[in-house]
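For reference, the structure is listed below as structure tokens.
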Amino acid sequence: MLIEGFGQEGQERLAGARVTAVGLGGLGSPLAIYLAAAGVGRLTLCDYKEVDAPDLNRQVLHWEGDVGRAKADSALEKLRALNPRIRIEVIKDPVSRENVRGLVEGSDVVVDCLDNFDTRYLLNEACVGLGIPLVHAAVEGLRGQATTVVPGKSPCLRCVIPVAPQRKAVFPIIGFTAGFLAMVEAAETVKLITGVGETLAGKLLVADLGDNSYQVLETRKNPDCPTCGSR
Amino acid sequence: MIRIRFFAGFRDEVGKAEIEVEPRGGATLGELLEGLKENYPGLGKVLEEGNAIFALNQEVVEANTRVKDGDEVAVFPPVSGG
Ligand SMILES: [Zn+2]
């Protein structure tokens with residue numbers, strides 16, 4: 001498979017890259033499909049939950065017959081069939097303070113496809129500590145946000161969103177919103193690996209599909225940041 | 001004047017997409033919004049910690065950043081789902 005504009009060299013870089021995606025839900029499903037199809041050489045996918053029927057509207061790797069199966073197993077089966085030439089591993093443990101560094105170590109890029117900020121902050125800390133680029137996105141309803149953390153160069157996730165957003169008890173995630181933001185994450189990942197284009201490092205994309213407002217804001221490093229601050 | 005734009009759910013909370021206010025010398029973004037709470041009670045929810053991302057002239061800032069005449073402020077709710 002060749003992608004126009006990336007050339008042989010870009011394709012080789014993708015084939016030689018290792019990407020870890022945490023979460024195989026609304027963001028992680030489309031992300032994993034596109035990274036597998038793009039020929040990322042080694043994919044590590046992490047999710048400890050089982051497929052639930054209401055997830056099927058957006059978690060496009062998991063189908064009707066997968067309800068009750070581990071998302072990791074369902075993802076592995078589909079992605080192996082899609083691209084048997086790449087290496088895919090799955091991890092079925094929840095991310096914790098204890099295992100997070102071991103989980104991301106050795107990755108060229110880590111992609112945040114999580115559904116909560118407690119775990120996102122753990123991932124952010126581990127990536128900043130190990131110097132691994134982290135691609136963040138989150139969605140709710142018709143809205144989403146995304147940014148890329150390049151440790152040592154850009155603000156980290158905690159600089160940009162210092163306090164976990166208040167969670168509503170129940171909120172809808174519409175499939176195409178997750179798909180939209182997952183594609184932004186896939187693009188960020190491929191750009192980080194190939195060096196093509198400009199990433200969202202130092203920027204925050206705030207997207208609203210409801211009124212088609214897409215804003216790219218500049219972000220600043222917080223010198224007092226508990227994760228990446230210098231003070 | 002300082003132009004304050006509200007996005008997504010904040011539009012409903014505040015009841016307006018945009019408010020223009022007179023600058024007050026040396027006021028911070030947070031103080032400016034606090035001062036508007038009387039006329040726009042919905043702002044109380046916006047100002048609760050963890051509820052908003054503030055942007056000043058297209059740059060993400062904290063609520064303690066000073067604002068001046070001609071500035072444009074945007075207020076977004078961050079989301080957490082996936
Ligand atoms: Zn930071």
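Every chain in the structure tokens has a letter given in the order shown (A, B, ...), and although residue numbers restart at 1 in each chain, ligands are simply numbered from 1 in the order shown.
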
*Do you know which residues are within 12 Å of ligand 1 using only C-alpha atoms and all ligand atoms? Can you write them as a ChimeraX atom specification?*
/A:121,124-125,127-129,149-163,202,219-231

Deliver the residues from the most recent selection as a file, using N, CA and C atoms, as an mmCIF file, in the first residue's frame.
```
data_model
loop_
_atom_site.group_PDB
_atom_site.id
_atom_site.type_symbol
_atom_site.label_atom_id
_atom_site.label_comp_id
_atom_site.auth_asym_id
_atom_site.auth_seq_id
_atom_site.Cartn_x
_atom_site.Cartn_y
_atom_site.Cartn_z
ATOM 1 N N TYR A 121 -4.364 11.554 32.337
ATOM 2 C CA TYR A 121 -3.258 12.218 33.036
ATOM 3 C C TYR A 121 -2.138 11.229 33.342
ATOM 4 N N ASN A 124 -0.302 10.821 30.075
ATOM 5 C CA ASN A 124 0.442 12.041 29.818
ATOM 6 C C ASN A 124 1.745 12.063 30.620
ATOM 7 N N GLU A 125 1.637 11.712 31.914
ATOM 8 C CA GLU A 125 2.815 11.698 32.778
ATOM 9 C C GLU A 125 3.862 10.710 32.279
ATOM 10 N N CYS A 127 4.231 9.481 29.230
ATOM 11 C CA CYS A 127 4.787 9.894 27.936
ATOM 12 C C CYS A 127 5.772 11.040 28.103
ATOM 13 N N VAL A 128 5.429 12.011 28.960
ATOM 14 C CA VAL A 128 6.345 13.132 29.200
ATOM 15 C C VAL A 128 7.632 12.591 29.840
ATOM 16 N N GLY A 129 7.473 11.675 30.822
ATOM 17 C CA GLY A 129 8.627 11.104 31.510
ATOM 18 C C GLY A 129 9.546 10.333 30.570
ATOM 19 N N VAL A 149 1.096 16.182 22.114
ATOM 20 C CA VAL A 149 2.132 16.516 23.085
ATOM 21 C C VAL A 149 3.456 15.981 22.567
ATOM 22 N N VAL A 150 4.413 16.873 22.346
ATOM 23 C CA VAL A 150 5.767 16.440 22.015
ATOM 24 C C VAL A 150 6.650 16.829 23.201
ATOM 25 N N PRO A 151 6.989 15.857 24.053
ATOM 26 C CA PRO A 151 7.692 16.179 25.304
ATOM 27 C C PRO A 151 8.972 16.980 25.044
ATOM 28 N N GLY A 152 9.168 18.007 25.871
ATOM 29 C CA GLY A 152 10.353 18.857 25.733
ATOM 30 C C GLY A 152 10.152 19.982 24.739
ATOM 31 N N LYS A 153 9.144 19.852 23.870
ATOM 32 C CA LYS A 153 8.933 20.885 22.848
ATOM 33 C C LYS A 153 7.614 21.619 23.027
ATOM 34 N N SER A 154 6.556 20.865 23.352
ATOM 35 C CA SER A 154 5.228 21.490 23.405
ATOM 36 C C SER A 154 4.682 21.428 24.823
ATOM 37 N N PRO A 155 3.620 22.167 25.096
ATOM 38 C CA PRO A 155 2.925 21.978 26.380
ATOM 39 C C PRO A 155 2.418 20.545 26.469
ATOM 40 N N CYS A 156 2.231 20.052 27.691
ATOM 41 C CA CYS A 156 1.677 18.704 27.846
ATOM 42 C C CYS A 156 0.163 18.807 28.019
ATOM 43 N N LEU A 157 -0.498 17.661 28.127
ATOM 44 C CA LEU A 157 -1.962 17.668 28.234
ATOM 45 C C LEU A 157 -2.425 18.424 29.475
ATOM 46 N N ARG A 158 -1.652 18.305 30.571
ATOM 47 C CA ARG A 158 -2.066 18.987 31.793
ATOM 48 C C ARG A 158 -1.857 20.508 31.718
ATOM 49 N N CYS A 159 -0.904 20.950 30.900
ATOM 50 C CA CYS A 159 -0.744 22.399 30.667
ATOM 51 C C CYS A 159 -1.994 22.939 29.970
ATOM 52 N N VAL A 160 -2.505 22.172 29.031
ATOM 53 C CA VAL A 160 -3.601 22.640 28.177
ATOM 54 C C VAL A 160 -4.947 22.481 28.889
ATOM 55 N N ILE A 161 -5.149 21.327 29.529
ATOM 56 C CA ILE A 161 -6.391 21.077 30.284
ATOM 57 C C ILE A 161 -5.981 20.670 31.695
ATOM 58 N N PRO A 162 -5.787 21.665 32.583
ATOM 59 C CA PRO A 162 -5.209 21.377 33.897
ATOM 60 C C PRO A 162 -6.142 20.652 34.849
ATOM 61 N N VAL A 163 -7.444 20.819 34.659
ATOM 62 C CA VAL A 163 -8.406 20.174 35.554
ATOM 63 C C VAL A 163 -9.306 19.276 34.711
ATOM 64 N N GLY A 202 1.528 22.171 20.534
ATOM 65 C CA GLY A 202 1.406 23.597 20.852
ATOM 66 C C GLY A 202 0.096 24.204 20.376
ATOM 67 N N THR A 219 -1.467 27.040 22.305
ATOM 68 C CA THR A 219 -1.397 26.687 23.726
ATOM 69 C C THR A 219 -0.014 27.045 24.265
ATOM 70 N N ARG A 220 0.030 27.249 25.587
ATOM 71 C CA ARG A 220 1.295 27.635 26.217
ATOM 72 C C ARG A 220 1.687 26.635 27.282
ATOM 73 N N LYS A 221 2.971 26.434 27.415
ATOM 74 C CA LYS A 221 3.497 25.584 28.478
ATOM 75 C C LYS A 221 3.311 26.316 29.802
ATOM 76 N N ASN A 222 2.801 25.609 30.819
ATOM 77 C CA ASN A 222 2.668 26.190 32.145
ATOM 78 C C ASN A 222 3.940 25.886 32.935
ATOM 79 N N PRO A 223 4.721 26.923 33.283
ATOM 80 C CA PRO A 223 5.981 26.663 33.994
ATOM 81 C C PRO A 223 5.757 25.951 35.332
ATOM 82 N N ASP A 224 4.544 26.088 35.884
ATOM 83 C CA ASP A 224 4.234 25.429 37.159
ATOM 84 C C ASP A 224 3.513 24.091 36.965
ATOM 85 N N CYS A 225 3.462 23.595 35.740
ATOM 86 C CA CYS A 225 2.739 22.342 35.466
ATOM 87 C C CYS A 225 3.309 21.216 36.329
ATOM 88 N N PRO A 226 2.447 20.480 37.043
ATOM 89 C CA PRO A 226 2.947 19.398 37.898
ATOM 90 C C PRO A 226 3.564 18.251 37.092
ATOM 91 N N THR A 227 3.255 18.172 35.811
ATOM 92 C CA THR A 227 3.784 17.079 34.990
ATOM 93 C C THR A 227 5.042 17.476 34.221
ATOM 94 N N CYS A 228 5.032 18.647 33.570
ATOM 95 C CA CYS A 228 6.181 19.001 32.718
ATOM 96 C C CYS A 228 6.837 20.305 33.120
ATOM 97 N N GLY A 229 6.380 20.921 34.231
ATOM 98 C CA GLY A 229 6.879 22.231 34.611
ATOM 99 C C GLY A 229 8.340 22.214 35.030
ATOM 100 N N SER A 230 8.993 23.366 34.893
ATOM 101 C CA SER A 230 10.415 23.456 35.210
ATOM 102 C C SER A 230 10.636 24.018 36.607
ATOM 103 N N ARG A 231 9.582 24.641 37.179
ATOM 104 C CA ARG A 231 9.763 25.263 38.498
ATOM 105 C C ARG A 231 9.666 24.253 39.629
#
```

Using only C-alpha atoms, find each residue in chain B having at least one atom no more than 7 Å away from chain A; report its shortest atom-to-atom pair and that distance in Å (one decimal), rows by chain then rising number, as JSON lines.
```
{"residue": "B:Gly50", "atom": "CA", "partner": "A:Pro165", "partner_atom": "CA", "distance": 4.7}
{"residue": "B:Asn51", "atom": "CA", "partner": "A:Pro165", "partner_atom": "CA", "distance": 5.6}
{"residue": "B:Gln58", "atom": "CA", "partner": "A:Leu217", "partner_atom": "CA", "distance": 4.9}
{"residue": "B:Glu59", "atom": "CA", "partner": "A:Glu218", "partner_atom": "CA", "distance": 4.4}
{"residue": "B:Val60", "atom": "CA", "partner": "A:Thr219", "partner_atom": "CA", "distance": 5.1}
{"residue": "B:Pro78", "atom": "CA", "partner": "A:Pro165", "partner_atom": "CA", "distance": 5.9}
{"residue": "B:Val79", "atom": "CA", "partner": "A:Val139", "partner_atom": "CA", "distance": 5.7}
{"residue": "B:Ser80", "atom": "CA", "partner": "A:Ala138", "partner_atom": "CA", "distance": 5.1}
{"residue": "B:Gly81", "atom": "CA", "partner": "A:Asp115", "partner_atom": "CA", "distance": 4.3}
{"residue": "B:Gly82", "atom": "CA", "partner": "A:Asp115", "partner_atom": "CA", "distance": 4.3}
```

Would you save the residues from that selection as a PDB file, in the first residue's frame, using C-alpha atoms?
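Final output, result-v4.pdb:
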```
ATOM      1  CA  GLY B  50     -12.813  22.171  35.137  1.00  0.00           C
ATOM      2  CA  ASN B  51     -15.751  23.393  33.138  1.00  0.00           C
ATOM      3  CA  GLN B  58      -6.903  32.549  19.850  1.00  0.00           C
ATOM      4  CA  GLU B  59      -4.507  31.461  22.586  1.00  0.00           C
ATOM      5  CA  VAL B  60      -5.455  29.160  25.469  1.00  0.00           C
ATOM      6  CA  PRO B  78     -13.679  20.670  27.261  1.00  0.00           C
ATOM      7  CA  VAL B  79     -15.030  17.155  26.767  1.00  0.00           C
ATOM      8  CA  SER B  80     -13.818  13.822  28.118  1.00  0.00           C
ATOM      9  CA  GLY B  81     -15.535  10.982  26.256  1.00  0.00           C
ATOM     10  CA  GLY B  82     -14.039   8.548  23.817  1.00  0.00           C
TER      11      GLY B  82
END
```

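Secondary structure of range 85-164 of chain A, helix (DSSP H, G or I) only (DSSP, backbone atoms): A:Val100, A:Arg101, A:Gly102, A:Leu103, A:Val104, A:Phe117, A:Asp118, A:Thr119, A:Arg120, A:Tyr121, A:Leu122, A:Leu123, A:Asn124, A:Glu125, A:Ala126, A:Cys127, A:Val128, A:Gly129, A:Leu130, A:Leu157, A:Arg158, A:Cys159, A:Val160.
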
For the residues in that selection, give me N, CA, C and O atoms as a CSV table (one decimal), in the first residue's frame.
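As written to disk, selection_10.csv reads:
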```
chain,number,residue,atom,x,y,z
A,100,VAL,N,1.6,1.8,33.7
A,100,VAL,CA,1.5,2.7,32.6
A,100,VAL,C,2.8,2.9,31.8
A,100,VAL,O,2.9,2.9,30.6
A,101,ARG,N,3.9,3.0,32.6
A,101,ARG,CA,5.2,3.2,31.9
A,101,ARG,C,5.6,2.0,31.0
A,101,ARG,O,6.0,2.2,29.9
A,102,GLY,N,5.4,0.8,31.6
A,102,GLY,CA,5.8,-0.4,30.9
A,102,GLY,C,4.9,-0.5,29.6
A,102,GLY,O,5.3,-1.1,28.6
A,103,LEU,N,3.7,0.0,29.7
A,103,LEU,CA,2.8,-0.1,28.6
A,103,LEU,C,3.2,0.7,27.4
A,103,LEU,O,3.0,0.3,26.3
A,104,VAL,N,3.7,1.9,27.7
A,104,VAL,CA,4.0,2.8,26.6
A,104,VAL,C,5.5,2.8,26.1
A,104,VAL,O,5.8,3.2,25.1
A,117,PHE,N,-10.4,11.4,32.1
A,117,PHE,CA,-9.1,12.2,32.3
A,117,PHE,C,-8.2,11.6,33.4
A,117,PHE,O,-7.0,11.9,33.3
A,118,ASP,N,-8.7,10.9,34.3
A,118,ASP,CA,-7.8,10.3,35.3
A,118,ASP,C,-6.8,9.4,34.6
A,118,ASP,O,-5.6,9.6,34.9
A,119,THR,N,-7.2,8.6,33.7
A,119,THR,CA,-6.3,7.7,33.0
A,119,THR,C,-5.5,8.5,32.0
A,119,THR,O,-4.3,8.3,31.8
A,120,ARG,N,-6.1,9.5,31.4
A,120,ARG,CA,-5.3,10.4,30.4
A,120,ARG,C,-4.2,11.1,31.1
A,120,ARG,O,-3.1,11.2,30.5
A,121,TYR,N,-4.4,11.6,32.3
A,121,TYR,CA,-3.3,12.2,33.0
A,121,TYR,C,-2.1,11.2,33.3
A,121,TYR,O,-1.0,11.6,33.3
A,122,LEU,N,-2.5,10.0,33.6
A,122,LEU,CA,-1.4,9.0,33.9
A,122,LEU,C,-0.6,8.7,32.6
A,122,LEU,O,0.6,8.6,32.6
A,123,LEU,N,-1.3,8.6,31.5
A,123,LEU,CA,-0.7,8.4,30.2
A,123,LEU,C,0.2,9.6,29.8
A,123,LEU,O,1.3,9.4,29.4
A,124,ASN,N,-0.3,10.8,30.1
A,124,ASN,CA,0.4,12.0,29.8
A,124,ASN,C,1.7,12.1,30.6
A,124,ASN,O,2.8,12.3,30.1
A,125,GLU,N,1.6,11.7,31.9
A,125,GLU,CA,2.8,11.7,32.8
A,125,GLU,C,3.9,10.7,32.3
A,125,GLU,O,5.0,11.0,32.2
A,126,ALA,N,3.4,9.5,31.9
A,126,ALA,CA,4.3,8.5,31.5
A,126,ALA,C,5.0,8.9,30.2
A,126,ALA,O,6.2,8.8,30.0
A,127,CYS,N,4.2,9.5,29.2
A,127,CYS,CA,4.8,9.9,27.9
A,127,CYS,C,5.8,11.0,28.1
A,127,CYS,O,6.8,11.1,27.5
A,128,VAL,N,5.4,12.0,29.0
A,128,VAL,CA,6.3,13.1,29.2
A,128,VAL,C,7.6,12.6,29.8
A,128,VAL,O,8.7,12.9,29.4
A,129,GLY,N,7.5,11.7,30.8
A,129,GLY,CA,8.6,11.1,31.5
A,129,GLY,C,9.5,10.3,30.6
A,129,GLY,O,10.8,10.4,30.7
A,130,LEU,N,9.0,9.6,29.6
A,130,LEU,CA,9.8,8.8,28.7
A,130,LEU,C,10.1,9.5,27.4
A,130,LEU,O,10.8,8.9,26.5
A,157,LEU,N,-0.5,17.7,28.1
A,157,LEU,CA,-2.0,17.7,28.2
A,157,LEU,C,-2.4,18.4,29.5
A,157,LEU,O,-3.4,19.1,29.5
A,158,ARG,N,-1.7,18.3,30.6
A,158,ARG,CA,-2.1,19.0,31.8
A,158,ARG,C,-1.9,20.5,31.7
A,158,ARG,O,-2.6,21.3,32.4
A,159,CYS,N,-0.9,20.9,30.9
A,159,CYS,CA,-0.7,22.4,30.7
A,159,CYS,C,-2.0,22.9,30.0
A,159,CYS,O,-2.4,24.0,30.2
A,160,VAL,N,-2.5,22.2,29.0
A,160,VAL,CA,-3.6,22.6,28.2
A,160,VAL,C,-4.9,22.5,28.9
A,160,VAL,O,-5.8,23.4,28.9
```

*DSSP strand (DSSP E or B) residues within range 73-230 of chain A, listed as number ranges by chain*: A: 87-91, 109-112, 134-141, 143-149, 173, 201, 203-208, 213-218

Please produce a file of those selected residues containing N, CA and C atoms, as an mmCIF file, in the first residue's frame.
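Output file selection.cif is given in full below:
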```cif
data_model
loop_
_atom_site.group_PDB
_atom_site.id
_atom_site.type_symbol
_atom_site.label_atom_id
_atom_site.label_comp_id
_atom_site.auth_asym_id
_atom_site.auth_seq_id
_atom_site.Cartn_x
_atom_site.Cartn_y
_atom_site.Cartn_z
ATOM 1 N N ARG A 87 2.360 -6.298 12.646
ATOM 2 C CA ARG A 87 2.337 -7.008 13.925
ATOM 3 C C ARG A 87 1.350 -6.290 14.853
ATOM 4 N N ILE A 88 0.419 -7.037 15.405
ATOM 5 C CA ILE A 88 -0.578 -6.432 16.290
ATOM 6 C C ILE A 88 -0.576 -7.179 17.617
ATOM 7 N N GLU A 89 -0.449 -6.441 18.705
ATOM 8 C CA GLU A 89 -0.547 -7.057 20.032
ATOM 9 C C GLU A 89 -1.682 -6.394 20.777
ATOM 10 N N VAL A 90 -2.330 -7.144 21.660
ATOM 11 C CA VAL A 90 -3.367 -6.537 22.485
ATOM 12 C C VAL A 90 -3.038 -6.739 23.964
ATOM 13 N N ILE A 91 -3.459 -5.768 24.747
ATOM 14 C CA ILE A 91 -3.260 -5.826 26.193
ATOM 15 C C ILE A 91 -4.628 -5.645 26.844
ATOM 16 N N VAL A 109 4.864 6.509 19.054
ATOM 17 C CA VAL A 109 3.747 7.427 19.313
ATOM 18 C C VAL A 109 2.727 6.686 20.178
ATOM 19 N N VAL A 110 2.140 7.404 21.128
ATOM 20 C CA VAL A 110 1.046 6.855 21.929
ATOM 21 C C VAL A 110 -0.217 7.654 21.592
ATOM 22 N N VAL A 111 -1.324 6.962 21.387
ATOM 23 C CA VAL A 111 -2.571 7.654 21.045
ATOM 24 C C VAL A 111 -3.601 7.444 22.158
ATOM 25 N N ASP A 112 -4.111 8.547 22.657
ATOM 26 C CA ASP A 112 -5.102 8.551 23.728
ATOM 27 C C ASP A 112 -6.492 8.415 23.118
ATOM 28 N N LEU A 134 2.544 12.074 22.417
ATOM 29 C CA LEU A 134 1.208 11.602 22.774
ATOM 30 C C LEU A 134 0.175 12.399 21.987
ATOM 31 N N VAL A 135 -0.730 11.690 21.343
ATOM 32 C CA VAL A 135 -1.816 12.347 20.607
ATOM 33 C C VAL A 135 -3.093 12.211 21.434
ATOM 34 N N HIS A 136 -3.714 13.349 21.741
ATOM 35 C CA HIS A 136 -4.928 13.351 22.570
ATOM 36 C C HIS A 136 -6.150 13.748 21.760
ATOM 37 N N ALA A 137 -7.266 13.076 22.037
ATOM 38 C CA ALA A 137 -8.570 13.568 21.572
ATOM 39 C C ALA A 137 -9.627 13.123 22.572
ATOM 40 N N ALA A 138 -10.732 13.846 22.599
ATOM 41 C CA ALA A 138 -11.887 13.470 23.413
ATOM 42 C C ALA A 138 -13.125 13.978 22.693
ATOM 43 N N VAL A 139 -14.256 13.301 22.940
ATOM 44 C CA VAL A 139 -15.499 13.667 22.245
ATOM 45 C C VAL A 139 -16.696 13.612 23.180
ATOM 46 N N GLU A 140 -17.707 14.379 22.813
ATOM 47 C CA GLU A 140 -19.005 14.309 23.491
ATOM 48 C C GLU A 140 -20.043 14.904 22.551
ATOM 49 N N GLY A 141 -21.098 14.174 22.323
ATOM 50 C CA GLY A 141 -22.134 14.680 21.423
ATOM 51 C C GLY A 141 -21.552 15.007 20.059
ATOM 52 N N ARG A 143 -19.256 17.373 19.663
ATOM 53 C CA ARG A 143 -18.059 18.181 19.884
ATOM 54 C C ARG A 143 -16.852 17.337 20.251
ATOM 55 N N GLY A 144 -15.685 17.918 20.008
ATOM 56 C CA GLY A 144 -14.465 17.231 20.394
ATOM 57 C C GLY A 144 -13.297 18.187 20.449
ATOM 58 N N GLN A 145 -12.193 17.690 21.031
ATOM 59 C CA GLN A 145 -10.970 18.484 21.043
ATOM 60 C C GLN A 145 -9.801 17.548 20.809
ATOM 61 N N ALA A 146 -8.701 18.113 20.307
ATOM 62 C CA ALA A 146 -7.509 17.301 20.066
ATOM 63 C C ALA A 146 -6.266 18.151 20.214
ATOM 64 N N THR A 147 -5.199 17.524 20.675
ATOM 65 C CA THR A 147 -3.900 18.186 20.727
ATOM 66 C C THR A 147 -2.824 17.116 20.667
ATOM 67 N N THR A 148 -1.601 17.538 20.369
ATOM 68 C CA THR A 148 -0.475 16.612 20.344
ATOM 69 C C THR A 148 0.581 17.101 21.314
ATOM 70 N N VAL A 149 1.096 16.182 22.114
ATOM 71 C CA VAL A 149 2.132 16.516 23.085
ATOM 72 C C VAL A 149 3.456 15.981 22.567
ATOM 73 N N ILE A 173 -22.361 9.870 22.654
ATOM 74 C CA ILE A 173 -21.247 10.056 21.734
ATOM 75 C C ILE A 173 -21.744 9.582 20.390
ATOM 76 N N ALA A 201 1.041 20.010 17.867
ATOM 77 C CA ALA A 201 1.897 20.288 19.026
ATOM 78 C C ALA A 201 1.847 21.794 19.296
ATOM 79 N N LYS A 203 -0.825 23.351 19.968
ATOM 80 C CA LYS A 203 -2.125 23.834 19.480
ATOM 81 C C LYS A 203 -3.244 22.944 20.012
ATOM 82 N N LEU A 204 -4.415 23.538 20.105
ATOM 83 C CA LEU A 204 -5.597 22.772 20.522
ATOM 84 C C LEU A 204 -6.674 22.953 19.467
ATOM 85 N N LEU A 205 -7.117 21.843 18.896
ATOM 86 C CA LEU A 205 -8.239 21.900 17.966
ATOM 87 C C LEU A 205 -9.529 21.736 18.766
ATOM 88 N N VAL A 206 -10.436 22.683 18.596
ATOM 89 C CA VAL A 206 -11.750 22.573 19.228
ATOM 90 C C VAL A 206 -12.765 22.497 18.090
ATOM 91 N N ALA A 207 -13.432 21.346 17.976
ATOM 92 C CA ALA A 207 -14.322 21.116 16.835
ATOM 93 C C ALA A 207 -15.751 20.960 17.306
ATOM 94 N N ASP A 208 -16.656 21.589 16.588
ATOM 95 C CA ASP A 208 -18.083 21.419 16.860
ATOM 96 C C ASP A 208 -18.775 21.097 15.540
ATOM 97 N N SER A 213 -17.972 24.720 13.555
ATOM 98 C CA SER A 213 -16.887 25.611 13.956
ATOM 99 C C SER A 213 -15.685 24.755 14.337
ATOM 100 N N TYR A 214 -14.576 25.041 13.676
ATOM 101 C CA TYR A 214 -13.330 24.302 13.893
ATOM 102 C C TYR A 214 -12.247 25.323 14.184
ATOM 103 N N GLN A 215 -11.815 25.372 15.422
ATOM 104 C CA GLN A 215 -10.842 26.395 15.781
ATOM 105 C C GLN A 215 -9.546 25.770 16.243
ATOM 106 N N VAL A 216 -8.450 26.342 15.791
ATOM 107 C CA VAL A 216 -7.142 25.891 16.237
ATOM 108 C C VAL A 216 -6.546 27.006 17.084
ATOM 109 N N LEU A 217 -6.423 26.731 18.389
ATOM 110 C CA LEU A 217 -5.935 27.725 19.333
ATOM 111 C C LEU A 217 -4.476 27.438 19.668
ATOM 112 N N GLU A 218 -3.734 28.485 19.956
ATOM 113 C CA GLU A 218 -2.351 28.301 20.421
ATOM 114 C C GLU A 218 -2.393 27.891 21.890
#
```

*Spatial neighbours of Asp93 in chain A, max dist 9 Å, only C-alpha atoms, sep filter under 3 positions, as a VMD selection string*: chain A and resid 46 to 49 96 99

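Our summary of the geometry notes that CA of Gly15 in chain B is positioned 9.4 Å from CA of Leu43 in chain B.
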
*For CA of Ile19 in chain B and CA of Val61 in chain B, determine how far apart the two atoms are, in Å to one decimal place.*
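Taking CA of Ile19 in chain B as the start and CA of Val61 in chain B as the end point, the length is 18.8 Å.
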
_So that I can see what lies close to Asn83 in chain A, please list as a list in words the residues with an atom at most 12 Å from it, counting only C-alpha atoms and leaving out residues fewer than 6 positions away in the same chain._
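Skipping anything fewer than 6 positions along the chain leaves Met1, Ala15, Ala32, Ile33, Tyr34, Leu35, Ala36, Ala37, Ala38, Gly39, Val40, Gly41, Arg42, Leu43, Leu76 and Glu77 of chain A.
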
Excluding Ala53 in chain A and residues on its chain fewer than 2 positions from it, collect all residues at most 12 Å away from it, counting only C-alpha atoms, and give them as a PDB file with C-alpha atoms, in the first residue's frame.
```
ATOM      1  CA  GLU A  50     -16.089  -6.172  26.734  1.00  0.00           C
ATOM      2  CA  VAL A  51     -18.202  -5.116  23.770  1.00  0.00           C
ATOM      3  CA  ASP A  55     -21.369   0.852  21.833  1.00  0.00           C
ATOM      4  CA  LEU A  56     -21.954  -0.490  18.335  1.00  0.00           C
ATOM      5  CA  ASN A  57     -23.070   2.897  16.939  1.00  0.00           C
ATOM      6  CA  ARG A  58     -19.513   4.183  17.127  1.00  0.00           C
ATOM      7  CA  GLN A  59     -17.141   1.345  17.946  1.00  0.00           C
ATOM      8  CA  VAL A  60     -16.931   0.225  14.355  1.00  0.00           C
ATOM      9  CA  HIS A  62     -16.946  -4.415  16.986  1.00  0.00           C
ATOM     10  CA  TRP A  63     -20.005  -5.934  15.376  1.00  0.00           C
ATOM     11  CA  GLU A  64     -23.325  -7.389  16.481  1.00  0.00           C
ATOM     12  CA  GLY A  65     -21.874 -10.865  17.007  1.00  0.00           C
ATOM     13  CA  ASP A  66     -19.071  -9.506  19.212  1.00  0.00           C
ATOM     14  CA  VAL A  67     -21.296  -8.350  22.068  1.00  0.00           C
ATOM     15  CA  GLY A  68     -19.864  -9.806  25.287  1.00  0.00           C
ATOM     16  CA  ARG A  69     -16.420 -10.515  23.771  1.00  0.00           C
ATOM     17  CA  LYS A  71     -12.846  -5.623  22.736  1.00  0.00           C
TER      18      LYS A  71
END
```

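Ranking B:Val67, B:Ile2, B:Val73, B:Val21 by their shortest atom-to-atom distance to Asn39 in chain B, with only C-alpha atoms included, puts B:Val21 first.
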
*Spatial neighbours of range 194-197 of chain A, 7 Å, only C-alpha atoms, chain gap at least 5 places, as a list of chain:residue names*: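 Result of the neighbour search: A:Gly10, A:Arg13, A:Leu14.
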
Let's have the selection written as an mmCIF file, in the first residue's frame, with all heavy atoms.
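Ended up saving to result.cif:
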```
data_model
loop_
_atom_site.group_PDB
_atom_site.id
_atom_site.type_symbol
_atom_site.label_atom_id
_atom_site.label_comp_id
_atom_site.auth_asym_id
_atom_site.auth_seq_id
_atom_site.Cartn_x
_atom_site.Cartn_y
_atom_site.Cartn_z
ATOM 1 N N GLY A 10 8.458 7.479 3.441
ATOM 2 C CA GLY A 10 7.404 7.634 4.438
ATOM 3 C C GLY A 10 6.771 6.292 4.768
ATOM 4 O O GLY A 10 6.514 5.971 5.923
ATOM 5 N N ARG A 13 9.028 4.312 6.929
ATOM 6 C CA ARG A 13 8.978 4.800 8.317
ATOM 7 C C ARG A 13 7.755 4.272 9.043
ATOM 8 O O ARG A 13 7.839 3.887 10.204
ATOM 9 C CB ARG A 13 8.951 6.332 8.334
ATOM 10 C CG ARG A 13 10.319 6.927 8.111
ATOM 11 C CD ARG A 13 10.338 8.388 8.478
ATOM 12 N NE ARG A 13 11.612 8.962 8.052
ATOM 13 C CZ ARG A 13 11.863 10.241 7.969
ATOM 14 N NH1 ARG A 13 10.907 11.114 8.275
ATOM 15 N NH2 ARG A 13 13.038 10.682 7.594
ATOM 16 N N LEU A 14 6.625 4.270 8.346
ATOM 17 C CA LEU A 14 5.400 3.728 8.957
ATOM 18 C C LEU A 14 5.580 2.248 9.285
ATOM 19 O O LEU A 14 5.223 1.785 10.367
ATOM 20 C CB LEU A 14 4.204 3.907 8.013
ATOM 21 C CG LEU A 14 3.636 5.326 7.874
ATOM 22 C CD1 LEU A 14 2.526 5.345 6.827
ATOM 23 C CD2 LEU A 14 3.091 5.837 9.202
#
```

_d(CA of Ala52 in chain B, CA of Leu36 in chain B) in Å_ =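 So the two atoms, CA of Ala52 in chain B and CA of Leu36 in chain B, lie 15.9 Å apart.
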
*For Ala17 in chain B, the nearest of the candidates B:Arg5, B:Tyr40, B:Ala55, B:Lys68, counting only C-alpha atoms*: B:Arg5

*asked:* I'd like the contact shell of Glu34 in chain B - 10 Å cut-off, only C-alpha atoms, skipping same-chain residues fewer than 4 positions apart - returned as a VMD selection string.
replied: chain B and resid 28 to 30 38 40 to 41 43 to 44 47
